[in-house]
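The structure under discussion appears below in the form of structure tokens.
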Amino acid sequence: MTQFWGVDADPTAQGRLKGAQPVAVLDIGSNSVRLVVYERHARSLTPLYNEKSACALGRGIAQSGRLADANVEKAIDAIKRFALVARMMRVGRVHVLATSAVRDAANRQEFVSAVEAIMEAPVRVLSGEEEAHFAALGVVAGIPGFAGVVGDLGGGSLELSVITNGRDADGQSHELGVIRLQDDADGSPKKAAALVREKLNKSLLAGIEPGGQFAAIGGTWRSLAKLHLELRDYPLHMVQDYVVQASEMIAVCEDIIAAESLKSYPGSNSASNSRRELVPFGAAVLAEVLRAGKFESVVFSALGVREGYLHGLLSEAEQAVDPLMQGAEELSVLRSRSPAHAADLVEFTGQYFAATGTIETAEESRLRQVACLLADIGWRAHPDYRGPQSVDSVAYGSLTGVDHPGRAVLAHAISVRYDGLKSKSANTLIPLASPEMIKRGRLIGTLFRVAYPMTAAMPGILPRIRFRLDGDVLVLQLPTDFAFLNGEHLRNRLSQFASFAEHADARVEVG
């Protein structure tokens with residue numbers, strides 16, 4: 001059985017990690033009811049199943065004070081199906097969370113009792129402050145190091161909190177959810193914007209320093225981000241860690257508010273049918289939040305209350321784990337020929353940088369190590385498609401803890417590793433990162449092309465091979481018993497790498 005950095009692979013588990021007990025969260029919101037099943041409860045959460053049902057439990061609650069019977073019936077039907085899914089997937093534990101609509105309803109206990117009977121699990125009705133807290137933890141889970149204000153926009157409420165040094169404070173809940181706003185503003189996004197502006201005057205946004213970053217969570221804001229991706233013809237259609245300048249986002253929001261409907265708006269097909277009529281109200285909230293907080297930029301987070309709740313249940317040691325490193329490690333265990341070879345690659349590439357006096361920042365070292373973990377995930381594919389398929393897995397996969405420039409760097413490293421410096425598999429991602437970052441990714445990929453002909457992806461060889469500089473010439477030192485590796489193929493790869501790395505020349509020495 002292979003063990004590598006605490007992750008086990010079981011050959012009988014059909015692509016699943018050994019001993020991985022699925023965990024699920026049933027999220028009962030004001031707009032939708034959603035079940036997400038994760039492969040295991042860990043720092044890096046990998047969704048196995050994700051389904052929502054648009055039940056609009058929050059519709060009309062501000063006027064009636066009750067969950068509407070028809071919407072309750074729809075929600076109960078969805079939850080019955082979700083309970084069956086959880087049983088079929090052998091979920092170890094289902095955490096049932098309910099937010100604004102259930103929290104505010106006079107008939108909440110009747111609904112909660114029905115859900116508990118179906119799910120055979122307790123329902124935790126979150127207070128507004130708890131909802132703000134777990135939303136903040138969701139951002140921390142997906143964007144380590146984030147500092148700023150978090151906003152979670154649901155159907156019934158808007159939660160705000162401040163994150164500093166990985167911890168949140170000043171959690172607030174405001175009755176500014178998109179369904180509630182649509183009802184309160186008589187269906188007018190312009191009127192909704194005025195209502196939001198008035199209520200935010202008394203929020204925590206009034207007292208923060210200008211120029212910070214705002215993290216936006218929630219399905220309606222995700223739809224807004226997808227629309228913006230379409231408008232910009234952005235090369236990576238991924239909401240997680242998507243950053244937009246606040247002034248640019250406000251301008252788009254104002255256009256949507258003025259249009260009042262997405263029916264004829266460019267990119268409107270990016271929003272689901274259940275969200276489309278709510279996006280103008282989400283735009284009204286976002287524009288006023290960005291103005292009130294005088295933010296410089298907004299970053300969108302696909303992780304929110306569900307992931308934050310699970311994150312909060314981890315030990316401090318588990319919370320401190322790098323989610324990108326853990327996620328890449330899992331992919332290495334599941335897809336590479338020898339996961340232990342990745343550790344050799346980390347040492348091999350690091351030794352080159354040390355030997356040449358190349359200084360790495362902490363983030364550059366981190367991305368290099370992750371690239372090593374992902375370097376062999378495409379070996380099962382046809383040789384002509386290993387590069388493109390691996391790039392897709394890296395650039396468009398569910399890894400968290402990496403921003404869009406980082407994805408571009410990793411994609412270029414993997415692209416060159418498989419297809420060489422002429423590869424175009426990752427070229428569409430070039431605009432996401434600086435030329436220096438792209439070159440570094442390609443450099444790492446070219447270095448991989450030196451390593452793999454010597455090892456056939458097997459461990460134990462690279463630690464015995466060293467780099468050194470002889471003036472401006474790069475020397476690859478082989479031990480005597482590895483002299484047979486000094487063939488034309490290796491020398492050509494080394495020469496190509498040396499040229500790209502701007503060394504005067506390169507040679508192989510034995511002994």
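For the structure tokens, the naming scheme is as follows: chains receive sequential letters (A, B, ...) according to their order of presentation, residues are indexed from 1 within each chain, and ligands are indexed from 1 in presentation order.
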
Worksheet item: Contacts of stretch 406-423 of chain A at 9 Å or less, counting only C-alpha atoms, minus same-chain residues fewer than 3 places along, as an MDAnalysis selection string?
Response: chainID A and resid 367:368 370:371 374:376 378 383:388 390:396 402:403 426:427 429:433 437:449

Please, which residues in stretch 183-219 of chain A fall within 6 Å of stretch 147-156 of chain A when counting only C-alpha atoms, and what is the closest atom pair and distance in Å to one decimal for each, ordered by chain then residue number, as a Markdown table?
| residue | atom | partner | partner_atom | distance |
| --- | --- | --- | --- | --- |
| A:Gln213 | CA | A:Gly148 | CA | 5.3 |
| A:Phe214 | CA | A:Val149 | CA | 5.0 |
| A:Ala215 | CA | A:Val150 | CA | 4.7 |
| A:Ala216 | CA | A:Gly151 | CA | 5.2 |
| A:Ile217 | CA | A:Asp152 | CA | 4.5 |
| A:Gly218 | CA | A:Leu153 | CA | 5.1 |

Item to complete: Give me the residues within 9 Å of stretch 126-138 of chain A as a PyMOL selection string, counting only C-alpha atoms and dropping any in the same chain fewer than 4 places off.
Response: chain A and resi 97-100+103+142-143+149-152+157-163+166-174+215+217+301-312

Item to complete: For atom CA of A:Arg180 and atom CA of A:Phe281, quote the distance in Å rounded to one decimal.
Response: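 Pair atom CA of A:Arg180 / atom CA of A:Phe281 returns 9.7 Å.
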
Item to complete: Using only C-alpha atoms, find the one residue out of A:Val279, A:Val72, A:Leu476, A:Val252 that sits nearest to A:Ala114.
Response: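 Of all the options, A:Val72 lies closest to A:Ala114.
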
Worksheet item: Can you tell me how far atom CA of A:Ile208 sits from atom CA of A:Val239, in Å to one decimal?
Response: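 Pair atom CA of A:Ile208 / atom CA of A:Val239 returns 25.7 Å.
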
Discussion item. Considering only C-alpha atoms, can you say which of A:Arg66, A:His237, A:His341, A:Arg34 comes closest to A:Asn107?
Written reply: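 Of A:Arg66, A:His237, A:His341, A:Arg34, the one nearest A:Asn107 is A:Arg66, counting only C-alpha atoms.
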
Discussion item. Nearest residue to A:Leu224 out of A:Gly293, A:Gly511, A:Gly282, A:Pro435, using only C-alpha atoms?
Written reply: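 Using only C-alpha atoms, A:Leu224 sits closest to A:Gly282.
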
List every residue of stretch 222-407 of chain A that DSSP, applied to the backbone of this structure, assigns to strand (DSSP E or B), and report them as a PDB file with all heavy atoms, in the first residue's frame.
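That gives us result20.pdb:
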ATOM      1  N   TYR A 242     -11.807  34.606  -8.592  1.00  0.00           N
ATOM      2  CA  TYR A 242     -11.904  35.560  -9.699  1.00  0.00           C
ATOM      3  C   TYR A 242     -11.912  36.971  -9.122  1.00  0.00           C
ATOM      4  O   TYR A 242     -12.774  37.311  -8.311  1.00  0.00           O
ATOM      5  CB  TYR A 242     -13.178  35.299 -10.501  1.00  0.00           C
ATOM      6  CG  TYR A 242     -13.423  36.250 -11.651  1.00  0.00           C
ATOM      7  CD1 TYR A 242     -12.432  36.501 -12.593  1.00  0.00           C
ATOM      8  CD2 TYR A 242     -14.655  36.887 -11.793  1.00  0.00           C
ATOM      9  CE1 TYR A 242     -12.666  37.357 -13.650  1.00  0.00           C
ATOM     10  CE2 TYR A 242     -14.894  37.739 -12.849  1.00  0.00           C
ATOM     11  CZ  TYR A 242     -13.897  37.973 -13.774  1.00  0.00           C
ATOM     12  OH  TYR A 242     -14.128  38.834 -14.834  1.00  0.00           O
ATOM     13  N   VAL A 243     -10.957  37.794  -9.536  1.00  0.00           N
ATOM     14  CA  VAL A 243     -10.787  39.136  -8.978  1.00  0.00           C
ATOM     15  C   VAL A 243     -11.153  40.190 -10.018  1.00  0.00           C
ATOM     16  O   VAL A 243     -10.743  40.101 -11.175  1.00  0.00           O
ATOM     17  CB  VAL A 243      -9.331  39.352  -8.515  1.00  0.00           C
ATOM     18  CG1 VAL A 243      -9.137  40.766  -7.963  1.00  0.00           C
ATOM     19  CG2 VAL A 243      -8.940  38.318  -7.454  1.00  0.00           C
ATOM     20  N   VAL A 244     -11.935  41.180  -9.591  1.00  0.00           N
ATOM     21  CA  VAL A 244     -12.347  42.278 -10.462  1.00  0.00           C
ATOM     22  C   VAL A 244     -12.147  43.590  -9.707  1.00  0.00           C
ATOM     23  O   VAL A 244     -12.421  43.664  -8.503  1.00  0.00           O
ATOM     24  CB  VAL A 244     -13.837  42.146 -10.872  1.00  0.00           C
ATOM     25  CG1 VAL A 244     -14.205  43.227 -11.891  1.00  0.00           C
ATOM     26  CG2 VAL A 244     -14.132  40.759 -11.431  1.00  0.00           C
ATOM     27  N   GLN A 245     -11.691  44.608 -10.406  1.00  0.00           N
ATOM     28  CA  GLN A 245     -11.596  45.929  -9.789  1.00  0.00           C
ATOM     29  C   GLN A 245     -12.993  46.411  -9.411  1.00  0.00           C
ATOM     30  O   GLN A 245     -13.945  46.243 -10.178  1.00  0.00           O
ATOM     31  CB  GLN A 245     -10.933  46.915 -10.745  1.00  0.00           C
ATOM     32  CG  GLN A 245      -9.449  46.657 -10.967  1.00  0.00           C
ATOM     33  CD  GLN A 245      -8.659  46.773  -9.670  1.00  0.00           C
ATOM     34  OE1 GLN A 245      -8.634  47.812  -9.009  1.00  0.00           O
ATOM     35  NE2 GLN A 245      -8.006  45.675  -9.284  1.00  0.00           N
ATOM     36  N   SER A 297     -11.133  46.195  -4.802  1.00  0.00           N
ATOM     37  CA  SER A 297     -11.430  45.050  -5.656  1.00  0.00           C
ATOM     38  C   SER A 297     -12.393  44.113  -4.956  1.00  0.00           C
ATOM     39  O   SER A 297     -12.609  44.190  -3.742  1.00  0.00           O
ATOM     40  CB  SER A 297     -10.142  44.297  -6.027  1.00  0.00           C
ATOM     41  OG  SER A 297      -9.531  43.768  -4.870  1.00  0.00           O
ATOM     42  N   VAL A 298     -12.962  43.214  -5.763  1.00  0.00           N
ATOM     43  CA  VAL A 298     -13.829  42.170  -5.230  1.00  0.00           C
ATOM     44  C   VAL A 298     -13.305  40.832  -5.729  1.00  0.00           C
ATOM     45  O   VAL A 298     -12.922  40.696  -6.896  1.00  0.00           O
ATOM     46  CB  VAL A 298     -15.302  42.371  -5.655  1.00  0.00           C
ATOM     47  CG1 VAL A 298     -15.437  42.525  -7.158  1.00  0.00           C
ATOM     48  CG2 VAL A 298     -16.182  41.217  -5.172  1.00  0.00           C
ATOM     49  N   VAL A 299     -13.236  39.843  -4.842  1.00  0.00           N
ATOM     50  CA  VAL A 299     -12.853  38.498  -5.217  1.00  0.00           C
ATOM     51  C   VAL A 299     -14.047  37.591  -4.930  1.00  0.00           C
ATOM     52  O   VAL A 299     -14.670  37.680  -3.867  1.00  0.00           O
ATOM     53  CB  VAL A 299     -11.598  38.019  -4.453  1.00  0.00           C
ATOM     54  CG1 VAL A 299     -11.788  38.066  -2.945  1.00  0.00           C
ATOM     55  CG2 VAL A 299     -11.205  36.605  -4.888  1.00  0.00           C
ATOM     56  N   PHE A 300     -14.377  36.732  -5.874  1.00  0.00           N
ATOM     57  CA  PHE A 300     -15.529  35.847  -5.723  1.00  0.00           C
ATOM     58  C   PHE A 300     -15.076  34.499  -5.171  1.00  0.00           C
ATOM     59  O   PHE A 300     -14.047  33.957  -5.586  1.00  0.00           O
ATOM     60  CB  PHE A 300     -16.238  35.662  -7.065  1.00  0.00           C
ATOM     61  CG  PHE A 300     -16.929  36.901  -7.548  1.00  0.00           C
ATOM     62  CD1 PHE A 300     -16.254  37.831  -8.324  1.00  0.00           C
ATOM     63  CD2 PHE A 300     -18.248  37.162  -7.200  1.00  0.00           C
ATOM     64  CE1 PHE A 300     -16.876  38.985  -8.763  1.00  0.00           C
ATOM     65  CE2 PHE A 300     -18.876  38.320  -7.632  1.00  0.00           C
ATOM     66  CZ  PHE A 300     -18.185  39.237  -8.418  1.00  0.00           C
TER      67      PHE A 300
END
